[in-house]
Amino acid sequence: MDAVRVENLVKEYGPIKALRGVSFRIAPQILFAFLGPNGAGKTTTIRILSGLTRPTAGRAFFFEVDVFGEPVKAKKLAGLVPQTINLDLELTLYENLFIHGLLYGLSQREIRKRAEELLAFADLLPRKNHKVRTLSGGMRRRLLIIRALLHRPKILFLDEPTVGLDPHIRRKLWGLIKRIQQRGTTIFLTTHYIEEAEFLADRVAFIDRGQIVIEDTPKALIARLGKFAVDVVQEEGLETRYFRSREAAERFALELSGKSQTITIRRVNLEDAFVYFTGRKV
Amino acid sequence: MKGFLAVYLRELLIIWHRLPRMLLSFSVSPTLYLVAFGFGLGKELEVGGRPYLEFLIPGLIAASSMTQGFGINVEINVARFYLKVFEEFQAAPISNLAYVLGEILSGVTRALLSVGVILLITSLAGVNFFYGPGFWAGVILNAFIFASLGVTSAMIIKSHADQALVTNFIITPMAFLGGTFFPVENMPAPVQLLLKALPLTHAARLIRQAAYGEGLRWGSLALLVLLAALSLLLAYHSVDRAKD
Ligand SMILES: Nc1ncnc2c1ncn2[C@@H]1O[C@H](COP(=O)(O)OP(=O)(O)OP(=O)(O)O)[C@@H](O)[C@H]1O
Ligand SMILES: [Mg+2]
């Protein structure tokens with residue numbers, strides 16, 4: 001049984017076609033990264049699956065529960081970290097978590113226990129009774145993430161969860177995301193930090209202009225380009241060529257050494273695959 | 001049930017964090033009305049054999065429970081367009097009915113707070129009424145109807161600017177004309193007919209008659225119950241319209 005199955009999702013905003021038939025399946029406990037340029041349709045997909053936006057056409061299932069047919073049942077299975085922070089600024093951190101817990105049907109005792117744990121994990125416990133208004137941007141984002149974990153969703157949607165976080169916290173969050181996954185959660189992640197997806201994802205789909213271009217494991221996507229990359233800085237900009245072996249890459253670099261001062265040889269990474277398959281830079 | 005509680009509790013917490021400011025602002029306009037129209041203008045004025053002040057206060061109560069009930073739309077707009085907290089409700093496994101009832105009840109709560117403030121000022125001014133079941137039924141039903149309409153309008157509009165239009169063209173005129181500041185019977189017959197069709201007119205009459213201790217106006221009560229049911233239905237069906 002798939003944790004998530006999406007069939008032919010279409011979303012039109014008047015003349016704008018945000019999604020043009022998106023289909024994918026995510027097996028349980030997989031971390032699925034959804035990568036694409038600005039405006040590709042990542043947030044639209046997440047919003048439709050979370051019940052915030054009505055699809056123009058298409059079907060979706062969480063563990064065979066019809067997302068649009070039985071929304072309340074489906075929503076119980078899901079957790080959402082939205083791209084735009086949507087916390088109650090005039091309420092305290094704890095009050096924000098408490099309301100969330102009630103919305104998802106938790107008992108007061110459960111809420112209290114889990115909220116303490118999660119606040120401690122996010123280094124926010126000392127701020128528990130402060131208003132969210134007094135938090136920094138990064139602290140707010142941490143609260144946003146632990147709020148989505150409070151009801152222990154089986155499927156977690158993370159829409160650019162680490163935007164604006166410092167590297168320490170980001171790494172800590174990567175650890176957390178891995179641990180959540182190991183506890184049995186299926187994760188749908190979008191991010192513009194491709195190294196984040198490379199580190200975390202079991203499978204990656206590239207989406208461009210409302211359509212999935214390709215889907216595979218990060219390794220396989222990288223292997224499609226080659227093993228080694230040569231970056232050549234020229235007047236027109238940066239050009240990258242891909243090679244199967246280090247020898248071939250070195251031979252190419254040597255040939256060009258007269259024409260350009262800046263030539264680097266490195267391993268191919270997921271960002272190369274992203275640029276190659278979506279045809280644009282992030 | 002928990003979903004309804006969550007929505008209501010969220011609004012209560014917001015009210016709680018703002019309570020002193022809110023009570024203060026609730027007291028401004030009734031005080032002004034009482035001073036200007038009650039004492040300033042109305043000392044010698046009588047309506048139906050009673051001092052004008054006694055006519056005015058039940059009207060103010062009706063108008064205030066309407067505006068504060070409807071005023072929940074402002075909170076919803078802030079939650080929807082500015083804080084985006086509305087999306088937290090949309091994503092949560094709660095029914096539309098739970099959401100709508102939570103918001104309406106918080107509108108009724110605000111209305112009751114504002115009525116409480118007016119009653120306090122009134123008693124300080126030395127005016128005493130009967131506060132029986134008829135009185136409270138009028139206040140609560142009126143607040144419920146307009147809170148439902150507040151929710152509905154907040155769901156339908158596309159931006160906060162649209163909201164001012166609804167308030168300026170519907171709510172404010174009604175607050176003045178709906179049997180609040182003058183007896184509707186003073187108007188020319190065709191206008192009377194129109195004003196008697198307003199829900200606020202019925203709420204004001206129900207509240208006033210009960211406050212005078214003159215018994216229940218069953219007709220008005222039945223009409224308000226019917227309107228409450230209809231407006232709840234309307235609010236319930238408007239929630240899905242807020243999805244983009
Ligand atoms: N409410 C809306 N009304 C009209 N068009 C919209 C709306 N929301 C999104 N769109 C359009 O849908 C397309 C996809 O937007 P979406 O937010 O899904 O992109 P994204 O992949 O999340 O991009 P980003 O990386 O910038 O977050 C864009 O062309 C956008 O302009
Ligand atoms: Mg986005």
# chains A, B, ... in the order shown; residues from 1 in each chain; ligands from 1

$ residues_near_ligand --ligand "ligand 2" --cutoff "8 Å" --atoms "only C-alpha atoms and all ligand atoms" --output "VMD selection string"
chain A and resid 38 to 39 41 to 44 83 159 to 160 190

$ write_last_selection --atoms "N, CA, C and O atoms" --output "short mmCIF file (atom, residue, chain, number, x, y, z; two decimals), in the first residue's frame"
data_model
loop_
_atom_site.label_atom_id
_atom_site.label_comp_id
_atom_site.auth_asym_id
_atom_site.auth_seq_id
_atom_site.Cartn_x
_atom_site.Cartn_y
_atom_site.Cartn_z
N ASN A 38 11.39 28.13 -8.87
CA ASN A 38 10.30 28.97 -8.35
C ASN A 38 9.10 28.90 -9.28
O ASN A 38 9.25 28.99 -10.50
N GLY A 39 7.93 28.73 -8.68
CA GLY A 39 6.71 28.72 -9.48
C GLY A 39 6.45 27.41 -10.20
O GLY A 39 5.53 27.32 -11.02
N GLY A 41 5.27 24.64 -8.99
CA GLY A 41 4.02 24.00 -8.56
C GLY A 41 4.18 23.15 -7.29
O GLY A 41 3.30 22.38 -6.94
N LYS A 42 5.27 23.30 -6.59
CA LYS A 42 5.53 22.50 -5.38
C LYS A 42 4.54 22.85 -4.27
O LYS A 42 3.88 21.97 -3.71
N THR A 43 4.45 24.14 -3.96
CA THR A 43 3.54 24.55 -2.89
C THR A 43 2.10 24.24 -3.27
O THR A 43 1.31 23.78 -2.43
N THR A 44 1.74 24.46 -4.52
CA THR A 44 0.38 24.14 -4.96
C THR A 44 0.06 22.67 -4.70
O THR A 44 -1.02 22.34 -4.19
N GLN A 83 4.92 26.76 3.75
CA GLN A 83 6.02 27.63 3.32
C GLN A 83 5.94 28.98 4.05
O GLN A 83 6.94 29.53 4.46
N ASP A 159 7.26 22.09 3.50
CA ASP A 159 7.44 23.02 2.38
C ASP A 159 8.55 24.01 2.73
O ASP A 159 8.31 24.98 3.44
N GLU A 160 9.74 23.75 2.24
CA GLU A 160 10.92 24.58 2.53
C GLU A 160 11.08 24.82 4.04
O GLU A 160 11.10 25.97 4.50
N THR A 190 9.95 19.73 0.20
CA THR A 190 10.44 20.60 -0.88
C THR A 190 11.52 21.49 -0.29
O THR A 190 11.48 21.83 0.90
#

$ residues_around --residues "stretch 191-206 of chain B" --least-positions-apart "4" --cutoff "9 Å" --atoms "only C-alpha atoms" --output "number ranges by chain"
B: 58-63, 66, 134-135, 137-139, 141-142, 145, 174-175, 177-180, 184-187, 210-211, 215-221, 223-224, 227

$ write_last_selection --atoms "N, CA and C atoms" --output "compact mmCIF listing (two decimals), in the first residue's frame"
# COMPACT_ATOMS: atom_id res chain seq x y z
N PRO B 58 -31.89 49.98 25.47
CA PRO B 58 -32.11 48.68 24.81
C PRO B 58 -31.72 48.71 23.34
N GLY B 59 -31.92 49.86 22.70
CA GLY B 59 -31.51 50.00 21.30
C GLY B 59 -30.00 49.87 21.17
N LEU B 60 -29.30 50.54 22.08
CA LEU B 60 -27.83 50.45 22.06
C LEU B 60 -27.37 49.02 22.27
N ILE B 61 -28.06 48.33 23.17
CA ILE B 61 -27.69 46.93 23.45
C ILE B 61 -27.89 46.08 22.20
N ALA B 62 -29.00 46.31 21.51
CA ALA B 62 -29.24 45.55 20.28
C ALA B 62 -28.18 45.88 19.23
N ALA B 63 -27.91 47.17 19.08
CA ALA B 63 -26.94 47.58 18.05
C ALA B 63 -25.55 47.04 18.38
N MET B 66 -25.16 43.37 17.81
CA MET B 66 -25.03 43.13 16.37
C MET B 66 -23.62 43.44 15.90
N GLY B 134 -36.21 36.73 28.16
CA GLY B 134 -36.53 37.38 26.89
C GLY B 134 -35.42 38.32 26.47
N PHE B 135 -34.90 39.05 27.43
CA PHE B 135 -33.82 39.99 27.17
C PHE B 135 -32.59 39.26 26.63
N ALA B 137 -32.38 36.20 25.45
CA ALA B 137 -32.65 35.50 24.20
C ALA B 137 -32.47 36.47 23.03
N GLY B 138 -32.97 37.69 23.20
CA GLY B 138 -32.83 38.70 22.15
C GLY B 138 -31.38 39.01 21.87
N VAL B 139 -30.61 39.25 22.94
CA VAL B 139 -29.19 39.60 22.77
C VAL B 139 -28.43 38.46 22.09
N LEU B 141 -29.52 35.73 20.40
CA LEU B 141 -29.94 35.40 19.03
C LEU B 141 -29.44 36.45 18.04
N ASN B 142 -29.56 37.70 18.43
CA ASN B 142 -29.10 38.78 17.57
C ASN B 142 -27.60 38.64 17.30
N ILE B 145 -26.95 35.61 14.99
CA ILE B 145 -27.28 35.86 13.58
C ILE B 145 -26.16 36.67 12.92
N MET B 174 -27.84 49.84 9.38
CA MET B 174 -28.81 49.07 10.16
C MET B 174 -28.74 49.46 11.63
N ALA B 175 -27.52 49.69 12.11
CA ALA B 175 -27.35 50.05 13.52
C ALA B 175 -28.12 51.33 13.84
N LEU B 177 -30.84 52.52 11.92
CA LEU B 177 -32.24 52.54 11.49
C LEU B 177 -33.10 51.43 12.08
N GLY B 178 -32.46 50.43 12.64
CA GLY B 178 -33.21 49.22 13.05
C GLY B 178 -33.91 49.33 14.38
N GLY B 179 -34.68 50.39 14.60
CA GLY B 179 -35.43 50.51 15.85
C GLY B 179 -34.56 50.74 17.06
N THR B 180 -33.38 51.28 16.82
CA THR B 180 -32.45 51.47 17.92
C THR B 180 -32.55 52.86 18.54
N VAL B 184 -39.48 52.94 15.01
CA VAL B 184 -39.67 52.76 13.57
C VAL B 184 -41.01 53.36 13.14
N GLU B 185 -41.99 53.38 14.06
CA GLU B 185 -43.34 53.87 13.74
C GLU B 185 -43.35 55.35 13.38
N ASN B 186 -42.28 56.07 13.69
CA ASN B 186 -42.23 57.49 13.34
C ASN B 186 -41.98 57.73 11.86
N MET B 187 -41.60 56.66 11.17
CA MET B 187 -41.26 56.82 9.75
C MET B 187 -42.51 56.74 8.88
N ALA B 210 -38.74 43.21 26.69
CA ALA B 210 -38.34 42.38 27.83
C ALA B 210 -37.71 43.25 28.93
N ALA B 211 -36.91 44.23 28.50
CA ALA B 211 -36.24 45.10 29.47
C ALA B 211 -37.26 45.92 30.25
N GLY B 215 -43.17 41.52 28.98
CA GLY B 215 -43.42 40.20 28.40
C GLY B 215 -42.69 39.95 27.10
N LEU B 216 -42.85 38.70 26.62
CA LEU B 216 -42.12 38.27 25.42
C LEU B 216 -42.85 38.65 24.14
N ARG B 217 -42.10 39.04 23.14
CA ARG B 217 -42.67 39.21 21.80
C ARG B 217 -42.42 37.92 21.04
N TRP B 218 -43.41 37.04 21.09
CA TRP B 218 -43.20 35.70 20.51
C TRP B 218 -42.92 35.75 19.02
N GLY B 219 -43.58 36.64 18.33
CA GLY B 219 -43.38 36.73 16.87
C GLY B 219 -41.94 37.05 16.54
N SER B 220 -41.40 38.08 17.22
CA SER B 220 -40.02 38.47 16.96
C SER B 220 -39.06 37.35 17.33
N LEU B 221 -39.35 36.69 18.47
CA LEU B 221 -38.49 35.61 18.92
C LEU B 221 -38.44 34.49 17.88
N LEU B 223 -39.08 34.66 14.74
CA LEU B 223 -38.40 35.11 13.53
C LEU B 223 -36.87 35.05 13.72
N LEU B 224 -36.40 35.50 14.88
CA LEU B 224 -34.96 35.49 15.13
C LEU B 224 -34.40 34.07 15.17
N LEU B 227 -34.12 33.02 11.64
CA LEU B 227 -32.99 33.68 10.98
C LEU B 227 -31.65 33.12 11.46

$ interface_residues --of "chain A" --to "chain B" --cutoff "7 Å" --atoms "only C-alpha atoms" --output "list of chain:residue names"
A:Ser50, A:Gly51, A:Leu52, A:Thr53, A:Arg54, A:Val72, A:Lys73, A:Lys75, A:Lys76, A:Asn86, A:Leu87, A:Asp88, A:Leu91, A:Ile99, A:Leu102, A:Leu103, A:Tyr104, A:Gly105

$ select_by_dssp --residues "stretch 16-134 of chain A" --states "helix (DSSP H, G or I)" --output "MDAnalysis selection string"
chainID A and resid 42:49 71:77 93:103 108:121 125:127 132:134

$ residues_around --residues "A:Leu35" --least-positions-apart "4" --cutoff "10 Å" --atoms "only C-alpha atoms" --output "short mmCIF file (atom, residue, chain, number, x, y, z; two decimals) with all heavy atoms, in the first residue's frame"
data_model
loop_
_atom_site.label_atom_id
_atom_site.label_comp_id
_atom_site.auth_asym_id
_atom_site.auth_seq_id
_atom_site.Cartn_x
_atom_site.Cartn_y
_atom_site.Cartn_z
N ALA A 40 7.21 26.37 -9.88
CA ALA A 40 7.05 25.08 -10.59
C ALA A 40 5.75 24.38 -10.20
O ALA A 40 5.20 23.60 -10.98
CB ALA A 40 8.25 24.18 -10.29
N GLY A 41 5.27 24.64 -8.99
CA GLY A 41 4.02 24.00 -8.56
C GLY A 41 4.18 23.15 -7.29
O GLY A 41 3.30 22.38 -6.94
N LYS A 42 5.27 23.30 -6.59
CA LYS A 42 5.53 22.50 -5.38
C LYS A 42 4.54 22.85 -4.27
O LYS A 42 3.88 21.97 -3.71
CB LYS A 42 6.97 22.75 -4.88
CG LYS A 42 8.04 22.49 -5.93
CD LYS A 42 9.44 22.74 -5.39
CE LYS A 42 9.73 24.20 -5.02
NZ LYS A 42 9.73 25.11 -6.19
N LEU A 189 9.11 16.41 1.03
CA LEU A 189 9.92 17.59 1.33
C LEU A 189 10.14 18.43 0.07
O LEU A 189 10.46 17.91 -0.98
CB LEU A 189 11.28 17.12 1.87
CG LEU A 189 12.39 18.16 1.99
CD1 LEU A 189 12.26 18.95 3.28
CD2 LEU A 189 13.76 17.48 1.95
N THR A 190 9.95 19.73 0.20
CA THR A 190 10.44 20.60 -0.88
C THR A 190 11.52 21.49 -0.29
O THR A 190 11.48 21.83 0.90
CB THR A 190 9.35 21.52 -1.47
OG1 THR A 190 9.21 22.66 -0.63
CG2 THR A 190 8.03 20.83 -1.61
N THR A 191 12.49 21.81 -1.09
CA THR A 191 13.57 22.67 -0.63
C THR A 191 14.31 23.22 -1.84
O THR A 191 14.28 22.64 -2.91
CB THR A 191 14.56 21.91 0.28
OG1 THR A 191 15.63 22.76 0.63
CG2 THR A 191 15.10 20.68 -0.40
N HIS A 192 14.91 24.40 -1.63
CA HIS A 192 15.79 24.92 -2.68
C HIS A 192 17.24 24.64 -2.34
O HIS A 192 18.14 25.00 -3.09
CB HIS A 192 15.56 26.42 -2.88
CG HIS A 192 14.27 26.71 -3.59
ND1 HIS A 192 14.05 26.37 -4.91
CD2 HIS A 192 13.12 27.28 -3.17
CE1 HIS A 192 12.83 26.73 -5.26
NE2 HIS A 192 12.23 27.28 -4.21
N TYR A 193 17.47 24.04 -1.14
CA TYR A 193 18.84 23.63 -0.79
C TYR A 193 19.02 22.21 -1.28
O TYR A 193 18.61 21.26 -0.62
CB TYR A 193 19.06 23.70 0.72
CG TYR A 193 18.79 25.06 1.30
CD1 TYR A 193 17.68 25.28 2.09
CD2 TYR A 193 19.65 26.13 1.04
CE1 TYR A 193 17.42 26.53 2.62
CE2 TYR A 193 19.39 27.38 1.56
CZ TYR A 193 18.27 27.58 2.36
OH TYR A 193 18.02 28.81 2.87
N ILE A 194 19.62 22.08 -2.45
CA ILE A 194 19.66 20.76 -3.07
C ILE A 194 20.51 19.78 -2.26
O ILE A 194 20.23 18.59 -2.21
CB ILE A 194 20.18 20.86 -4.53
CG1 ILE A 194 19.36 21.91 -5.30
CG2 ILE A 194 20.08 19.53 -5.23
CD1 ILE A 194 17.91 21.61 -5.45
N ALA A 197 18.37 17.91 0.07
CA ALA A 197 17.65 16.80 -0.53
C ALA A 197 18.61 15.63 -0.79
O ALA A 197 18.27 14.47 -0.58
CB ALA A 197 17.00 17.24 -1.83
N VAL A 204 13.76 11.33 -5.40
CA VAL A 204 13.65 12.74 -5.78
C VAL A 204 12.82 12.84 -7.04
O VAL A 204 12.98 12.04 -7.96
CB VAL A 204 15.06 13.33 -6.06
CG1 VAL A 204 14.93 14.70 -6.69
CG2 VAL A 204 15.87 13.40 -4.78
N ALA A 205 11.89 13.81 -7.05
CA ALA A 205 11.18 14.12 -8.30
C ALA A 205 11.50 15.56 -8.64
O ALA A 205 11.49 16.43 -7.77
CB ALA A 205 9.68 13.94 -8.12
N PHE A 206 11.82 15.81 -9.89
CA PHE A 206 12.01 17.18 -10.36
C PHE A 206 10.72 17.62 -11.03
O PHE A 206 10.18 16.92 -11.88
CB PHE A 206 13.15 17.26 -11.38
CG PHE A 206 14.51 17.05 -10.76
CD1 PHE A 206 15.45 16.24 -11.38
CD2 PHE A 206 14.86 17.68 -9.58
CE1 PHE A 206 16.71 16.05 -10.82
CE2 PHE A 206 16.12 17.50 -9.01
CZ PHE A 206 17.05 16.67 -9.63
N ILE A 207 10.23 18.79 -10.62
CA ILE A 207 9.02 19.32 -11.24
C ILE A 207 9.37 20.64 -11.90
O ILE A 207 10.14 21.44 -11.36
CB ILE A 207 7.88 19.47 -10.21
CG1 ILE A 207 6.63 20.07 -10.86
CG2 ILE A 207 8.30 20.30 -9.01
CD1 ILE A 207 5.40 20.08 -9.97
N ASP A 208 8.82 20.85 -13.08
CA ASP A 208 9.07 22.10 -13.80
C ASP A 208 7.80 22.50 -14.52
O ASP A 208 7.19 21.68 -15.20
CB ASP A 208 10.23 21.89 -14.79
CG ASP A 208 10.71 23.22 -15.36
OD1 ASP A 208 10.41 24.26 -14.75
OD2 ASP A 208 11.37 23.20 -16.40
N ILE A 212 5.97 16.81 -13.63
CA ILE A 212 7.14 16.09 -13.14
C ILE A 212 7.98 15.68 -14.35
O ILE A 212 7.48 15.11 -15.31
CB ILE A 212 6.72 14.86 -12.31
CG1 ILE A 212 6.07 15.36 -11.01
CG2 ILE A 212 7.93 13.99 -12.01
CD1 ILE A 212 5.72 14.28 -10.03
N PHE A 274 19.62 18.65 -11.06
CA PHE A 274 18.52 19.61 -11.00
C PHE A 274 18.61 20.59 -12.17
O PHE A 274 17.65 20.80 -12.91
CB PHE A 274 18.59 20.38 -9.67
CG PHE A 274 17.50 21.41 -9.52
CD1 PHE A 274 16.34 21.11 -8.84
CD2 PHE A 274 17.63 22.69 -10.07
CE1 PHE A 274 15.33 22.06 -8.69
CE2 PHE A 274 16.63 23.63 -9.94
CZ PHE A 274 15.47 23.31 -9.26
N THR A 278 15.81 20.47 -15.09
CA THR A 278 14.79 21.53 -15.07
C THR A 278 15.20 22.70 -15.96
O THR A 278 14.44 23.66 -16.10
CB THR A 278 14.51 22.04 -13.65
OG1 THR A 278 15.71 22.63 -13.13
CG2 THR A 278 14.07 20.92 -12.73
N VAL A 282 18.38 27.39 -9.79
CA VAL A 282 17.43 27.65 -8.70
C VAL A 282 17.41 29.15 -8.41
O VAL A 282 18.45 29.76 -8.26
CB VAL A 282 17.85 26.90 -7.42
CG1 VAL A 282 16.73 27.03 -6.39
CG2 VAL A 282 18.14 25.46 -7.71
#

$ residues_around --residues "A:Leu124" --least-positions-apart "6" --cutoff "9 Å" --atoms "only C-alpha atoms" --output "PDB file with N, CA, C and O atoms, in the first residue's frame"
ATOM      1  N   LEU A  93       3.923  30.485  22.820  1.00  0.00           N
ATOM      2  CA  LEU A  93       4.354  29.267  22.110  1.00  0.00           C
ATOM      3  C   LEU A  93       3.487  28.092  22.546  1.00  0.00           C
ATOM      4  O   LEU A  93       2.978  27.336  21.721  1.00  0.00           O
ATOM      5  N   LEU A 118       8.983  18.561  22.706  1.00  0.00           N
ATOM      6  CA  LEU A 118       9.321  19.184  21.426  1.00  0.00           C
ATOM      7  C   LEU A 118       9.927  20.569  21.627  1.00  0.00           C
ATOM      8  O   LEU A 118      10.869  20.949  20.924  1.00  0.00           O
ATOM      9  N   MET A 139      13.514  31.059  15.121  1.00  0.00           N
ATOM     10  CA  MET A 139      12.784  30.426  16.236  1.00  0.00           C
ATOM     11  C   MET A 139      11.348  30.133  15.820  1.00  0.00           C
ATOM     12  O   MET A 139      10.794  29.090  16.153  1.00  0.00           O
ATOM     13  N   ARG A 142      11.250  27.067  13.745  1.00  0.00           N
ATOM     14  CA  ARG A 142      11.402  25.863  14.570  1.00  0.00           C
ATOM     15  C   ARG A 142      10.082  25.510  15.238  1.00  0.00           C
ATOM     16  O   ARG A 142       9.682  24.341  15.283  1.00  0.00           O
ATOM     17  N   LEU A 143       9.394  26.526  15.728  1.00  0.00           N
ATOM     18  CA  LEU A 143       8.092  26.279  16.367  1.00  0.00           C
ATOM     19  C   LEU A 143       7.103  25.710  15.353  1.00  0.00           C
ATOM     20  O   LEU A 143       6.335  24.799  15.643  1.00  0.00           O
TER      21      LEU A 143
END

$ select_by_dssp --residues "stretch 48-109 of chain A" --states "strand (DSSP E or B)" --output "list in words"
Ala57, Gly58, Arg59, Ala60, Phe61, Phe62, Val65, Asp66, Ala78, Gly79, Leu80, Val81 and Thr92 of chain A

$ closest_residue --among "A:Ala115, A:Val163, A:Leu150, A:Ile180" --to "ligand 1" --atoms "only C-alpha atoms and all ligand atoms"
A:Val163

$ closest_residue --among "B:Phe81, B:Phe39, B:Phe55, B:Phe26" --to "ligand 1" --atoms "only C-alpha atoms and all ligand atoms"
B:Phe81

$ residues_around --residues "stretch 113-119 of chain B" --least-positions-apart "5" --cutoff "9 Å" --atoms "only C-alpha atoms" --output "MDAnalysis selection string"
chainID B and resid 22:24 26:27 30:31 57 60:62 64:65 68 108 124 128 139

$ residues_around --residues "B:Tyr52" --least-positions-apart "2" --cutoff "12 Å" --atoms "only C-alpha atoms" --output "ChimeraX atom specification"
/B:33-34,36-50,54-59,127,180-183

$ write_last_selection --atoms "N, CA, C and O atoms" --output "compact mmCIF listing (two decimals), in the first residue's frame"
# COMPACT_ATOMS: atom_id res chain seq x y z
N TYR B 33 -22.83 57.83 23.30
CA TYR B 33 -24.24 57.87 22.93
C TYR B 33 -25.10 58.31 24.11
O TYR B 33 -26.00 59.13 23.98
N LEU B 34 -24.77 57.72 25.27
CA LEU B 34 -25.58 58.06 26.45
C LEU B 34 -25.44 59.53 26.79
O LEU B 34 -26.43 60.21 27.09
N ALA B 36 -24.42 62.05 24.74
CA ALA B 36 -24.92 62.94 23.69
C ALA B 36 -26.44 62.88 23.56
O ALA B 36 -27.13 63.89 23.61
N PHE B 37 -26.96 61.65 23.40
CA PHE B 37 -28.39 61.52 23.09
C PHE B 37 -29.23 61.33 24.34
O PHE B 37 -30.38 61.74 24.37
N GLY B 38 -28.66 60.71 25.33
CA GLY B 38 -29.44 60.44 26.53
C GLY B 38 -29.54 61.66 27.42
O GLY B 38 -30.63 62.16 27.68
N PHE B 39 -28.37 62.16 27.83
CA PHE B 39 -28.39 63.29 28.77
C PHE B 39 -28.45 64.63 28.05
O PHE B 39 -29.23 65.50 28.38
N GLY B 40 -27.61 64.77 27.02
CA GLY B 40 -27.52 66.06 26.34
C GLY B 40 -28.82 66.43 25.67
O GLY B 40 -29.39 67.49 25.91
N LEU B 41 -29.33 65.52 24.86
CA LEU B 41 -30.47 65.83 24.03
C LEU B 41 -31.78 65.39 24.69
O LEU B 41 -32.80 66.06 24.59
N GLY B 42 -31.68 64.28 25.40
CA GLY B 42 -32.92 63.58 25.74
C GLY B 42 -33.51 63.86 27.09
O GLY B 42 -34.46 63.21 27.49
N LYS B 43 -32.96 64.79 27.85
CA LYS B 43 -33.47 65.05 29.20
C LYS B 43 -34.98 65.26 29.22
O LYS B 43 -35.69 64.69 30.04
N GLU B 44 -35.46 66.09 28.27
CA GLU B 44 -36.89 66.39 28.28
C GLU B 44 -37.68 65.48 27.34
O GLU B 44 -38.91 65.49 27.35
N LEU B 45 -36.92 64.74 26.51
CA LEU B 45 -37.57 63.94 25.48
C LEU B 45 -38.24 62.70 26.08
O LEU B 45 -37.69 62.08 26.98
N GLU B 46 -39.40 62.36 25.55
CA GLU B 46 -40.04 61.13 25.98
C GLU B 46 -40.47 60.33 24.77
O GLU B 46 -40.86 60.88 23.75
N VAL B 47 -40.36 59.02 24.88
CA VAL B 47 -40.87 58.14 23.83
C VAL B 47 -41.81 57.14 24.48
O VAL B 47 -41.41 56.43 25.40
N GLY B 48 -43.04 57.14 24.02
CA GLY B 48 -44.03 56.20 24.56
C GLY B 48 -44.21 56.35 26.06
O GLY B 48 -44.36 55.35 26.77
N GLY B 49 -44.13 57.55 26.54
CA GLY B 49 -44.38 57.79 27.95
C GLY B 49 -43.20 57.49 28.87
O GLY B 49 -43.32 57.51 30.08
N ARG B 50 -42.02 57.16 28.28
CA ARG B 50 -40.83 56.90 29.10
C ARG B 50 -39.73 57.88 28.69
O ARG B 50 -39.72 58.36 27.56
N GLU B 54 -34.42 55.58 28.45
CA GLU B 54 -34.89 54.21 28.62
C GLU B 54 -35.25 53.56 27.28
O GLU B 54 -35.26 52.35 27.16
N PHE B 55 -35.57 54.40 26.31
CA PHE B 55 -35.80 53.88 24.97
C PHE B 55 -34.46 53.56 24.31
O PHE B 55 -34.29 52.54 23.63
N LEU B 56 -33.52 54.44 24.54
CA LEU B 56 -32.23 54.36 23.84
C LEU B 56 -31.40 53.14 24.27
O LEU B 56 -30.84 52.44 23.42
N ILE B 57 -31.32 52.90 25.57
CA ILE B 57 -30.38 51.87 26.05
C ILE B 57 -30.65 50.48 25.46
O ILE B 57 -29.72 49.84 24.95
N PRO B 58 -31.89 49.98 25.47
CA PRO B 58 -32.11 48.68 24.81
C PRO B 58 -31.72 48.71 23.34
O PRO B 58 -31.21 47.72 22.81
N GLY B 59 -31.92 49.86 22.70
CA GLY B 59 -31.51 50.00 21.30
C GLY B 59 -30.00 49.87 21.17
O GLY B 59 -29.49 49.20 20.27
N VAL B 127 -30.12 53.76 35.66
CA VAL B 127 -31.26 53.21 34.93
C VAL B 127 -31.33 51.71 35.20
O VAL B 127 -30.33 51.01 35.08
N THR B 180 -33.38 51.28 16.82
CA THR B 180 -32.45 51.47 17.92
C THR B 180 -32.55 52.86 18.54
O THR B 180 -32.71 53.00 19.74
N PHE B 181 -32.48 53.91 17.70
CA PHE B 181 -32.42 55.27 18.21
C PHE B 181 -33.76 55.99 18.18
O PHE B 181 -33.94 57.01 18.82
N PHE B 182 -34.67 55.49 17.36
CA PHE B 182 -36.00 56.10 17.30
C PHE B 182 -37.01 54.99 16.98
O PHE B 182 -36.66 53.98 16.40
N PRO B 183 -38.27 55.20 17.37
CA PRO B 183 -39.28 54.19 17.05
C PRO B 183 -39.50 54.14 15.54
O PRO B 183 -39.66 55.19 14.90

$ residues_around --residues "B:Ser106" --least-positions-apart "4" --cutoff "8 Å" --atoms "only C-alpha atoms" --output "count of residues only"
6

$ closest_residue --among "A:Asp2, A:Glu12, A:Asp231, A:Glu215" --to "ligand 1" --atoms "only C-alpha atoms and all ligand atoms"
A:Glu12

$ atom_distance --atom1 "atom CA of A:Arg267" --atom2 "atom CA of A:His168"
25.1 Å

$ closest_residue --among "A:Val22, A:Met1, A:Val6, A:Ala120" --to "A:Gln211" --atoms "only C-alpha atoms"
A:Val22

$ closest_residue --among "A:Gln234, A:Thr240, A:Gln29, A:Ser257" --to "A:Ile177" --atoms "only C-alpha atoms"
A:Gln29
